[in-house]
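J.: Got a file for you: my_file.pdb, PDB, C-alpha atoms.
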```pdb
ATOM      1  CA  MET A 138       0.000   0.000   0.000
ATOM      2  CA  SER A 139       1.434   3.359  -0.989
ATOM      3  CA  SER A 140       1.973   6.145   1.561
ATOM      4  CA  LYS A 141      -0.361   8.343  -0.530
ATOM      5  CA  TYR A 142      -3.163   5.783  -0.222
ATOM      6  CA  SER A 143      -2.487   5.367   3.515
ATOM      7  CA  LEU A 144      -2.761   9.111   4.070
ATOM      8  CA  ARG A 145      -5.973   9.274   2.052
ATOM      9  CA  SER A 146      -7.501   6.343   3.978
ATOM     10  CA  GLY A 147      -6.536   7.846   7.309
ATOM     11  CA  TRP A 148      -7.985  11.226   6.342
ATOM     12  CA  ILE A 149     -11.279   9.636   5.308
ATOM     13  CA  ALA A 150     -11.479   7.549   8.471
ATOM     14  CA  ALA A 151     -10.916  10.586  10.674
ATOM     15  CA  PHE A 152     -13.720  12.492   8.998
ATOM     16  CA  VAL A 153     -16.115   9.537   9.201
ATOM     17  CA  VAL A 154     -15.540   9.480  12.956
ATOM     18  CA  LEU A 155     -16.357  13.183  13.102
ATOM     19  CA  TRP A 156     -19.495  12.723  11.015
ATOM     20  CA  PHE A 157     -20.702   9.939  13.288
ATOM     21  CA  ALA A 158     -20.072  12.145  16.306
ATOM     22  CA  ALA A 159     -22.030  14.970  14.693
ATOM     23  CA  GLY A 160     -24.955  12.679  13.972
ATOM     24  CA  LEU A 161     -24.641  12.935  10.177
ATOM     25  CA  PHE A 162     -24.572   9.162   9.942
ATOM     26  CA  PRO A 163     -26.271   6.955  12.566
ATOM     27  CA  GLY A 164     -24.058   5.243  15.099
ATOM     28  CA  ASN A 165     -24.663   2.574  17.722
ATOM     29  CA  GLU A 166     -26.841   4.806  19.891
ATOM     30  CA  ALA A 167     -29.223   5.367  16.995
ATOM     31  CA  LYS A 168     -29.361   1.636  16.328
ATOM     32  CA  ALA A 169     -30.186   0.901  19.952
ATOM     33  CA  GLU A 170     -33.353   2.971  19.538
ATOM     34  CA  GLY A 171     -34.308   1.314  16.234
ATOM     35  CA  TYR A 172     -33.060   1.381  12.678
ATOM     36  CA  THR A 173     -32.666   4.623  10.776
ATOM     37  CA  LYS A 174     -34.615   5.180   7.554
ATOM     38  CA  ALA A 175     -33.701   7.116   4.431
ATOM     39  CA  THR A 176     -35.551   7.566   1.153
ATOM     40  CA  TRP A 177     -35.057   8.879  -2.383
ATOM     41  CA  LEU A 178     -37.101  11.731  -3.838
ATOM     42  CA  TRP A 179     -36.516  11.776  -7.589
ATOM     43  CA  ASN A 180     -39.628  13.714  -8.582
ATOM     44  CA  THR A 181     -38.478  17.137  -7.432
ATOM     45  CA  VAL A 182     -41.597  18.840  -8.805
ATOM     46  CA  LEU A 183     -43.237  17.587  -5.611
ATOM     47  CA  ILE A 184     -41.223  20.014  -3.481
ATOM     48  CA  LYS A 185     -43.178  22.747  -5.266
ATOM     49  CA  THR A 186     -46.607  21.157  -5.004
ATOM     50  CA  GLU A 187     -46.592  18.766  -2.027
ATOM     51  CA  ALA A 188     -43.666  19.701   0.202
ATOM     52  CA  LYS A 189     -45.603  19.611   3.478
ATOM     53  CA  GLU A 190     -47.289  16.320   2.614
ATOM     54  CA  MET A 191     -43.992  14.684   1.610
ATOM     55  CA  LEU A 192     -42.280  15.835   4.776
ATOM     56  CA  LYS A 193     -45.149  14.850   7.051
ATOM     57  CA  PHE A 194     -45.188  11.352   5.555
ATOM     58  CA  SER A 195     -41.425  11.107   5.978
ATOM     59  CA  ALA A 196     -41.524  12.259   9.610
ATOM     60  CA  ASP A 197     -44.460   9.967  10.417
ATOM     61  CA  HIS A 198     -42.552   6.987   9.015
ATOM     62  CA  GLY A 199     -39.273   7.620  10.805
ATOM     63  CA  VAL A 200     -37.256   8.979   7.899
ATOM     64  CA  ARG A 201     -34.067  10.766   8.957
ATOM     65  CA  THR A 202     -32.546  11.397   5.516
ATOM     66  CA  ILE A 203     -34.040  12.331   2.151
ATOM     67  CA  TYR A 204     -31.913  11.982  -0.981
ATOM     68  CA  LEU A 205     -33.370  14.845  -3.039
ATOM     69  CA  GLN A 206     -32.640  15.016  -6.756
ATOM     70  CA  THR A 207     -31.226  18.294  -7.985
ATOM     71  CA  ASN A 208     -33.065  19.859 -10.908
ATOM     72  CA  SER A 209     -31.975  23.170 -12.394
ATOM     73  CA  ASP A 210     -35.529  23.704 -13.686
ATOM     74  CA  ILE A 211     -36.776  24.036 -10.099
ATOM     75  CA  PRO A 212     -36.095  27.495  -8.596
ATOM     76  CA  VAL A 213     -33.632  27.248  -5.705
ATOM     77  CA  SER A 214     -36.161  28.958  -3.427
ATOM     78  CA  TYR A 215     -38.125  25.686  -3.318
ATOM     79  CA  TYR A 216     -35.035  23.730  -2.300
ATOM     80  CA  LYS A 217     -34.268  26.247   0.424
ATOM     81  CA  SER A 218     -37.806  26.082   1.802
ATOM     82  CA  PHE A 219     -37.955  22.276   1.652
ATOM     83  CA  ILE A 220     -34.593  21.778   3.371
ATOM     84  CA  LYS A 221     -35.464  24.304   6.072
ATOM     85  CA  GLN A 222     -38.804  22.593   6.751
ATOM     86  CA  ALA A 223     -37.089  19.191   6.789
ATOM     87  CA  GLY A 224     -34.525  20.400   9.304
ATOM     88  CA  ALA A 225     -37.304  21.515  11.637
ATOM     89  CA  LEU A 226     -38.489  17.882  11.595
ATOM     90  CA  ASP A 227     -34.955  16.548  12.251
ATOM     91  CA  ILE A 228     -34.664  15.275   8.668
ATOM     92  CA  ARG A 229     -31.445  15.875   6.750
ATOM     93  CA  VAL A 230     -31.498  16.387   2.984
ATOM     94  CA  ASP A 231     -28.721  15.241   0.645
ATOM     95  CA  ALA A 232     -28.276  16.414  -2.948
ATOM     96  CA  LEU A 233     -29.046  13.485  -5.253
ATOM     97  CA  SER A 234     -28.062  12.889  -8.862
ATOM     98  CA  GLY A 235     -26.397  10.388 -11.144
ATOM     99  CA  ALA A 236     -26.716   8.456 -14.383
ATOM    100  CA  PRO A 237     -25.130   5.366 -15.974
ATOM    101  CA  SER A 238     -23.042   7.636 -18.206
ATOM    102  CA  TRP A 239     -21.346   9.067 -15.123
ATOM    103  CA  GLY A 240     -19.243   5.915 -15.225
ATOM    104  CA  LEU A 241     -17.474   7.085 -18.408
ATOM    105  CA  THR A 242     -14.619   9.579 -18.367
ATOM    106  CA  SER A 243     -15.923  11.130 -21.591
ATOM    107  CA  GLU A 244     -19.043  12.115 -19.657
ATOM    108  CA  ARG A 245     -17.238  13.510 -16.610
ATOM    109  CA  TYR A 246     -18.440  16.993 -17.499
ATOM    110  CA  LYS A 247     -21.895  15.912 -16.274
ATOM    111  CA  ILE A 248     -20.439  15.229 -12.834
ATOM    112  CA  THR A 249     -18.724  18.610 -12.929
ATOM    113  CA  SER A 250     -21.994  20.311 -13.867
ATOM    114  CA  PHE A 251     -23.748  18.690 -10.911
ATOM    115  CA  LEU A 252     -20.949  19.658  -8.530
ATOM    116  CA  ASP A 253     -20.993  23.233  -9.816
ATOM    117  CA  TRP A 254     -24.746  23.406  -9.175
ATOM    118  CA  VAL A 255     -24.313  22.135  -5.609
ATOM    119  CA  LYS A 256     -21.441  24.562  -4.918
ATOM    120  CA  ALA A 257     -23.434  27.517  -6.216
ATOM    121  CA  TYR A 258     -26.470  26.446  -4.226
ATOM    122  CA  GLN A 259     -24.514  26.012  -0.986
ATOM    123  CA  ASN A 260     -22.844  29.397  -1.417
ATOM    124  CA  GLY A 261     -26.213  31.104  -1.794
ATOM    125  CA  ALA A 262     -28.063  29.304   1.009
ATOM    126  CA  ALA A 263     -28.375  30.040   4.714
ATOM    127  CA  GLU A 264     -27.057  27.388   7.120
ATOM    128  CA  ASP A 265     -30.504  25.873   7.690
ATOM    129  CA  GLU A 266     -31.149  25.765   3.928
ATOM    130  CA  LYS A 267     -28.013  23.873   2.898
ATOM    131  CA  PHE A 268     -27.688  20.263   1.798
ATOM    132  CA  GLN A 269     -25.980  18.122   4.415
ATOM    133  CA  GLY A 270     -24.429  15.668   2.015
ATOM    134  CA  VAL A 271     -24.267  14.359  -1.543
ATOM    135  CA  HIS A 272     -25.778  11.084  -2.740
ATOM    136  CA  VAL A 273     -25.200   9.580  -6.180
ATOM    137  CA  ASP A 274     -26.592   6.736  -8.257
ATOM    138  CA  ILE A 275     -24.138   5.637 -10.970
ATOM    139  CA  GLU A 276     -24.926   2.338 -12.686
ATOM    140  CA  PRO A 277     -22.746   1.929 -15.796
ATOM    141  CA  HIS A 278     -23.488  -1.793 -15.871
ATOM    142  CA  VAL A 279     -26.614  -0.950 -17.909
ATOM    143  CA  LEU A 280     -24.501   0.605 -20.686
ATOM    144  CA  PRO A 281     -23.737  -1.456 -23.823
ATOM    145  CA  GLN A 282     -20.007  -0.899 -23.189
ATOM    146  CA  TRP A 283     -20.313  -2.997 -20.024
ATOM    147  CA  LYS A 284     -20.705  -6.072 -22.230
ATOM    148  CA  SER A 285     -18.254  -5.087 -24.951
ATOM    149  CA  ASP A 286     -15.379  -3.654 -22.850
ATOM    150  CA  GLN A 287     -16.116  -4.230 -19.186
ATOM    151  CA  THR A 288     -12.593  -3.695 -17.847
ATOM    152  CA  SER A 289     -12.386  -0.292 -19.508
ATOM    153  CA  VAL A 290     -15.771   0.741 -18.112
ATOM    154  CA  ILE A 291     -14.754  -0.360 -14.616
ATOM    155  CA  ARG A 292     -11.493   1.609 -14.855
ATOM    156  CA  GLN A 293     -13.337   4.738 -16.022
ATOM    157  CA  TRP A 294     -15.965   4.292 -13.298
ATOM    158  CA  GLN A 295     -13.262   4.071 -10.642
ATOM    159  CA  GLU A 296     -11.548   7.196 -11.944
ATOM    160  CA  ASN A 297     -14.798   9.164 -12.052
ATOM    161  CA  VAL A 298     -15.727   8.104  -8.523
ATOM    162  CA  GLN A 299     -12.365   9.321  -7.234
ATOM    163  CA  TYR A 300     -12.887  12.612  -9.076
ATOM    164  CA  LEU A 301     -16.374  12.949  -7.610
ATOM    165  CA  THR A 302     -15.474  12.138  -4.028
ATOM    166  CA  ASP A 303     -12.392  14.364  -4.016
ATOM    167  CA  ASN A 304     -14.443  17.319  -5.228
ATOM    168  CA  VAL A 305     -17.352  16.766  -2.856
ATOM    169  CA  ARG A 306     -15.002  16.637   0.117
ATOM    170  CA  GLU A 307     -13.584  19.989  -0.924
ATOM    171  CA  MET A 308     -17.082  21.286  -0.131
ATOM    172  CA  ASN A 309     -16.799  19.722   3.356
ATOM    173  CA  LEU A 310     -19.727  17.415   2.644
ATOM    174  CA  PRO A 311     -19.986  13.654   3.111
ATOM    175  CA  VAL A 312     -20.689  11.696  -0.080
ATOM    176  CA  ALA A 313     -22.619   8.444  -0.379
ATOM    177  CA  ALA A 314     -23.741   6.205  -3.236
ATOM    178  CA  ASP A 315     -26.090   3.428  -4.264
ATOM    179  CA  ILE A 316     -24.314   0.169  -5.142
ATOM    180  CA  PRO A 317     -25.725  -3.094  -6.544
ATOM    181  CA  PHE A 318     -25.638  -6.043  -4.140
ATOM    182  CA  TRP A 319     -23.765  -8.130  -6.721
ATOM    183  CA  LEU A 320     -20.877  -5.684  -7.152
ATOM    184  CA  CYS A 321     -18.801  -7.942  -4.910
ATOM    185  CA  ASN A 322     -18.724 -10.479  -7.767
ATOM    186  CA  TYR A 323     -16.592  -8.139  -9.895
ATOM    187  CA  THR A 324     -13.025  -6.941  -9.437
ATOM    188  CA  THR A 325     -11.376  -3.567  -9.895
ATOM    189  CA  ALA A 326      -9.709  -2.872 -13.241
ATOM    190  CA  ASP A 327      -6.322  -3.942 -11.837
ATOM    191  CA  GLY A 328      -7.791  -7.060 -10.207
ATOM    192  CA  THR A 329      -6.551  -6.237  -6.700
ATOM    193  CA  SER A 330      -9.924  -5.939  -4.945
ATOM    194  CA  THR A 331     -13.608  -6.592  -5.328
ATOM    195  CA  LEU A 332     -15.291  -3.685  -7.064
ATOM    196  CA  SER A 333     -17.698  -3.299  -4.148
ATOM    197  CA  ARG A 334     -14.822  -2.965  -1.666
ATOM    198  CA  PHE A 335     -13.268  -0.264  -3.812
ATOM    199  CA  MET A 336     -16.550   1.659  -4.038
ATOM    200  CA  ILE A 337     -17.275   1.362  -0.318
ATOM    201  CA  SER A 338     -13.739   2.576   0.447
ATOM    202  CA  GLN A 339     -14.215   5.680  -1.692
ATOM    203  CA  TYR A 340     -17.559   6.785  -0.285
ATOM    204  CA  ASP A 341     -18.480   7.789   3.257
ATOM    205  CA  ALA A 342     -21.575   5.569   3.196
ATOM    206  CA  VAL A 343     -23.377   3.299   0.751
ATOM    207  CA  ALA A 344     -26.927   2.167   0.102
ATOM    208  CA  ILE A 345     -26.840  -1.481  -0.974
ATOM    209  CA  MET A 346     -29.589  -2.153  -3.537
ATOM    210  CA  SER A 347     -30.703  -5.350  -1.803
ATOM    211  CA  TYR A 348     -34.181  -5.326  -3.326
ATOM    212  CA  ARG A 349     -36.159  -8.278  -1.934
ATOM    213  CA  ASP A 350     -39.536  -8.515  -0.172
ATOM    214  CA  THR A 351     -38.616 -10.580   2.915
ATOM    215  CA  ALA A 352     -36.248  -9.806   5.766
ATOM    216  CA  ASP A 353     -34.252 -12.979   5.095
ATOM    217  CA  GLY A 354     -34.020 -12.177   1.407
ATOM    218  CA  ILE A 355     -32.901  -8.585   1.992
ATOM    219  CA  TYR A 356     -30.287  -9.589   4.532
ATOM    220  CA  SER A 357     -28.835 -12.492   2.564
ATOM    221  CA  THR A 358     -28.634 -10.226  -0.486
ATOM    222  CA  ALA A 359     -26.877  -7.395   1.400
ATOM    223  CA  LYS A 360     -24.771  -9.549   3.733
ATOM    224  CA  ARG A 361     -21.495  -9.737   1.836
ATOM    225  CA  GLU A 362     -21.283  -5.997   1.213
ATOM    226  CA  LEU A 363     -22.305  -5.273   4.802
ATOM    227  CA  GLU A 364     -19.351  -7.427   5.845
ATOM    228  CA  GLU A 365     -17.016  -5.496   3.533
ATOM    229  CA  ALA A 366     -18.346  -2.269   5.030
ATOM    230  CA  ASN A 367     -17.670  -3.719   8.510
ATOM    231  CA  TYR A 368     -14.038  -4.248   7.545
ATOM    232  CA  LEU A 369     -13.725  -0.751   6.066
ATOM    233  CA  GLY A 370     -15.532   0.978   8.935
ATOM    234  CA  LYS A 371     -18.178   2.522   6.670
ATOM    235  CA  PRO A 372     -21.934   2.890   7.275
ATOM    236  CA  ALA A 373     -24.117   0.852   4.919
ATOM    237  CA  PHE A 374     -27.873   0.916   4.381
ATOM    238  CA  ALA A 375     -29.865  -2.059   3.134
ATOM    239  CA  SER A 376     -32.284  -0.816   0.489
ATOM    240  CA  VAL A 377     -35.786  -1.947  -0.446
ATOM    241  CA  GLU A 378     -38.108  -1.275  -3.387
ATOM    242  CA  THR A 379     -41.744  -0.151  -3.296
ATOM    243  CA  LYS A 380     -42.456   0.344  -7.001
ATOM    244  CA  PRO A 381     -43.640  -2.333  -9.455
ATOM    245  CA  SER A 382     -40.762  -4.360 -10.889
ATOM    246  CA  SER A 383     -40.483  -6.191 -14.196
ATOM    247  CA  GLU A 384     -37.905  -8.473 -12.559
ATOM    248  CA  GLY A 385     -40.518 -10.219 -10.401
ATOM    249  CA  GLU A 386     -42.775  -9.695  -7.416
ATOM    250  CA  PHE A 387     -40.041 -10.879  -5.002
ATOM    251  CA  ILE A 388     -38.090  -7.683  -5.766
ATOM    252  CA  THR A 389     -40.604  -5.199  -4.343
ATOM    253  CA  PHE A 390     -43.108  -4.584  -1.557
ATOM    254  CA  TYR A 391     -45.524  -3.120  -4.098
ATOM    255  CA  GLU A 392     -47.893  -6.095  -3.865
ATOM    256  CA  GLU A 393     -47.740  -6.557  -0.074
ATOM    257  CA  GLY A 394     -48.142  -2.987   1.177
ATOM    258  CA  LYS A 395     -46.924  -0.838   4.075
ATOM    259  CA  ALA A 396     -47.819  -3.029   7.057
ATOM    260  CA  TYR A 397     -46.088  -6.095   5.665
ATOM    261  CA  MET A 398     -43.023  -4.057   4.680
ATOM    262  CA  ASP A 399     -42.809  -2.578   8.176
ATOM    263  CA  SER A 400     -42.949  -6.049   9.726
ATOM    264  CA  GLN A 401     -40.136  -7.291   7.479
ATOM    265  CA  LEU A 402     -37.992  -4.228   8.128
ATOM    266  CA  GLY A 403     -38.343  -4.847  11.862
ATOM    267  CA  LYS A 404     -37.111  -8.403  11.344
ATOM    268  CA  LEU A 405     -34.317  -7.153   9.113
ATOM    269  CA  GLN A 406     -33.099  -4.913  11.913
ATOM    270  CA  GLN A 407     -32.696  -7.950  14.155
ATOM    271  CA  LEU A 408     -30.783  -9.854  11.475
ATOM    272  CA  ALA A 409     -28.538  -7.037  10.287
ATOM    273  CA  GLN A 410     -27.610  -5.379  13.583
ATOM    274  CA  VAL A 411     -24.810  -7.916  14.112
ATOM    275  CA  ASN A 412     -22.948  -5.864  11.510
ATOM    276  CA  THR A 413     -21.224  -2.778  12.880
ATOM    277  CA  SER A 414     -21.708  -1.191   9.460
ATOM    278  CA  PHE A 415     -25.500  -1.522   9.390
ATOM    279  CA  ALA A 416     -26.880   2.017   9.407
ATOM    280  CA  GLY A 417     -30.523   1.320   8.598
ATOM    281  CA  VAL A 418     -32.839   1.015   5.627
ATOM    282  CA  SER A 419     -33.203   3.146   2.500
ATOM    283  CA  VAL A 420     -36.652   2.924   0.888
ATOM    284  CA  HIS A 421     -36.922   3.413  -2.871
ATOM    285  CA  ASP A 422     -38.620   5.708  -3.319
ATOM    286  CA  LEU A 423     -40.748   8.268  -1.458
ATOM    287  CA  ASP A 424     -43.327   8.415  -4.259
ATOM    288  CA  GLY A 425     -43.734   4.655  -4.364
ATOM    289  CA  TRP A 426     -43.736   4.328  -0.582
ATOM    290  CA  ARG A 427     -46.596   6.800  -0.219
ATOM    291  CA  SER A 428     -48.570   4.855  -2.836
ATOM    292  CA  LEU A 429     -48.295   1.474  -1.101
ATOM    293  CA  ILE A 430     -51.557  -0.004   0.142
ATOM    294  CA  ASP A 431     -52.079   0.316   3.904
TER     295      ASP A 431
END
```
What would you get if you wrote out this structure as structure tokens?

T.:
Amino acid sequence: MSSKYSLRSGWIAAFVVLWFAAGLFPGNEAKAEGYTKATWLWNTVLIKTEAKEMLKFSADHGVRTIYLQTNSDIPVSYYKSFIKQAGALDIRVDALSGAPSWGLTSERYKITSFLDWVKAYQNGAAEDEKFQGVHVDIEPHVLPQWKSDQTSVIRQWQENVQYLTDNVREMNLPVAADIPFWLCNYTTADGTSTLSRFMISQYDAVAIMSYRDTADGIYSTAKRELEEANYLGKPAFASVETKPSSEGEFITFYEEGKAYMDSQLGKLQQLAQVNTSFAGVSVHDLDGWRSLID
């Protein structure tokens, strides 16, 4: 291991400790009181039309973090109002964006554009109106290049993630990402590590896309990456789906509804809490969650 990498790892670890202490990511005390919940809000038009309803639902269902997609078509005044209202309910809001193309170095300008938007927003917002973190969803495995030149795509993805995380930390913000549960089956471009371990090491937290509709299924799907996060000392969320899925009914809670999902998430907490990394559950997404049958 190079001295440069050691310094980088030590720097990240020190800041993660500080973020835990500040309550930005849940620690053991939070887990003792019950698992923490986060959710995605992709449809940002709703912060214009249904902000109070979205926040009330989130607060009523124990959400502590909302990953809110950035959209330059939405006036920043709506973001400021939403984040301020969320803070009053003890809900943090992270700036959300991402696309499969973000895994290609030729498309890095899209990452830069997002970062520039966040910087400009933060500079123009009051303390209680600012984002408290950055959350990204980059899934280049859906690109055709993944099949034709996978090693090159993985190398570019790694380079773009390092570019992203370095720049977000310059804003003094933690940065987290969604990762597929099967990423542990792939290696880095140089073959020295699982790709999931690399990604977890780069980010300050991850949401494992462990989409299943039973506690046992969710946990067994997330288990290996939770264990890697244990080793790396990083918080990891198990994630669940609430929208219809073409991959099968076992992927989502869409058919079963809220009460059944809640019962399974309670069981999941008991299974997953043996992992020091387990930070809680991320529910995809707020729109779908609200639409579940009671």

J.: From the list A:Phe374, A:Phe268, A:Trp179, A:Tyr356, which residue is nearest Asp424 (chain A) when using only C-alpha atoms?

T.: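 Nearest candidate to Asp424 (chain A) out of A:Phe374, A:Phe268, A:Trp179, A:Tyr356: A:Trp179.
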
J.: Select, from A:Val377, A:Leu369, A:Ile203, A:Leu423, the residue with the minimum atom-to-atom distance to Thr351 (chain A), counting all atoms listed in the file.

T.: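 Looking only at the distances to Thr351 (chain A), the closest residue turns out to be A:Val377.
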
J.: Could you state which residues are captured by the PyMOL selection byres ((chain A and resi 339-344) around 9) in this file, as a ChimeraX atom specification?

T.: /A:146,149-150,152-153,162,272,298-299,302,311-317,334-338,345-347,366,371-376,416,418-419

J.: Please determine, counting all atoms listed in the file, which residue among A:Asp227, A:Asp353, A:Trp426, A:Tyr204 has the shortest atom-to-atom distance to Gln406 (chain A).

T.: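 Smallest distance to Gln406 (chain A) is found for A:Asp353.
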
J.: Assuming the chain letters and numbering stay as they are in my file, what does the PyMOL selection byres ((chain A and resi 198) around 12) actually select? List them as JSON, numbers by chain.

T.: {"A": [172, 173, 174, 175, 176, 191, 192, 193, 194, 195, 196, 197, 199, 200, 201, 202, 226, 228, 395, 396, 398, 399, 418, 420, 423, 426, 427]}

J.: How far is it from CA of Thr207 (chain A) to CA of Gly261 (chain A), in Å with one decimal?

T.: 15.1 Å

J.: Please evaluate the PyMOL selection byres ((chain A and resi 290) around 9) against the structure above and give the resulting residues as a VMD selection string.

T.: chain A and resid 240 to 242 277 to 278 282 to 283 286 to 289 291 to 295 326

J.: Which of these, A:Ser285, A:Asn304, A:Ser214, A:Asn297, has the shortest distance to Glu266 (chain A) once you count only C-alpha atoms?

T.: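 Residue with the minimum atom-to-atom distance to Glu266 (chain A): A:Ser214.
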
J.: Within 6 Å of (-23.9, 4.7, -20.9), only C-alpha atoms: residues as a list in words?

T.: Pro237, Ser238, Pro277 and Leu280 of chain A

J.: Residues as selected, C-alpha atoms, written as a PDB file, keeping the file's coordinate frame, can you do that?

T.:
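Saved to out.pdb:
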```pdb
ATOM      1  CA  PRO A 237     -25.130   5.366 -15.974  1.00  0.00           C
ATOM      2  CA  SER A 238     -23.042   7.636 -18.206  1.00  0.00           C
ATOM      3  CA  PRO A 277     -22.746   1.929 -15.796  1.00  0.00           C
ATOM      4  CA  LEU A 280     -24.501   0.605 -20.686  1.00  0.00           C
TER       5      LEU A 280
END
```

J.: Rounded to one decimal in Å, what is the spacing between CA of Ala236 (chain A) and CA of Ile248 (chain A)?

T.: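 Computing it gives 9.4 Å between the two atoms.
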
J.: Here is a test: counting only C-alpha atoms, which residue of A:Asp327, A:Glu384, A:Ile184, A:Tyr391 is nearest to Ile211 (chain A)?

T.: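 Nearest candidate to Ile211 (chain A) out of A:Asp327, A:Glu384, A:Ile184, A:Tyr391: A:Ile184.
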
J.: Can you pull out the residues contacting Leu408 (chain A)? Cut-off 10 Å, using all atoms listed in the file, and skip same-chain residues under 4 positions away; I want them as a ChimeraX atom specification.

T.: /A:352-353,355-357,360,402-404,412

J.: Please report the interatomic distance between CA of Tyr216 (chain A) and CA of Asp422 (chain A) in Å with one decimal.

T.: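 That distance, rounded to one decimal, is 18.4 Å.
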
J.: Considering all atoms listed in the file, can you say which of A:Phe251, A:Trp319, A:Phe387, A:Phe415 comes closest to Thr331 (chain A)?

T.: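 Closest residue, counting all atoms listed in the file: A:Trp319.
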
J.: Identify the residues around (-14.0, -6.5, -4.9) within a radius of 6 Å, measuring from only C-alpha atoms in the coordinates stated by the file, and give them as a PyMOL selection string.

T.: chain A and resi 321+323-324+330-334

J.: Please identify all polymer residues within 8 Å of Asn180 (chain A), counting all atoms listed in the file, omitting same-chain residues fewer than 2 positions from it, and present them as a VMD selection string.

T.: chain A and resid 178 182 to 183 206 424
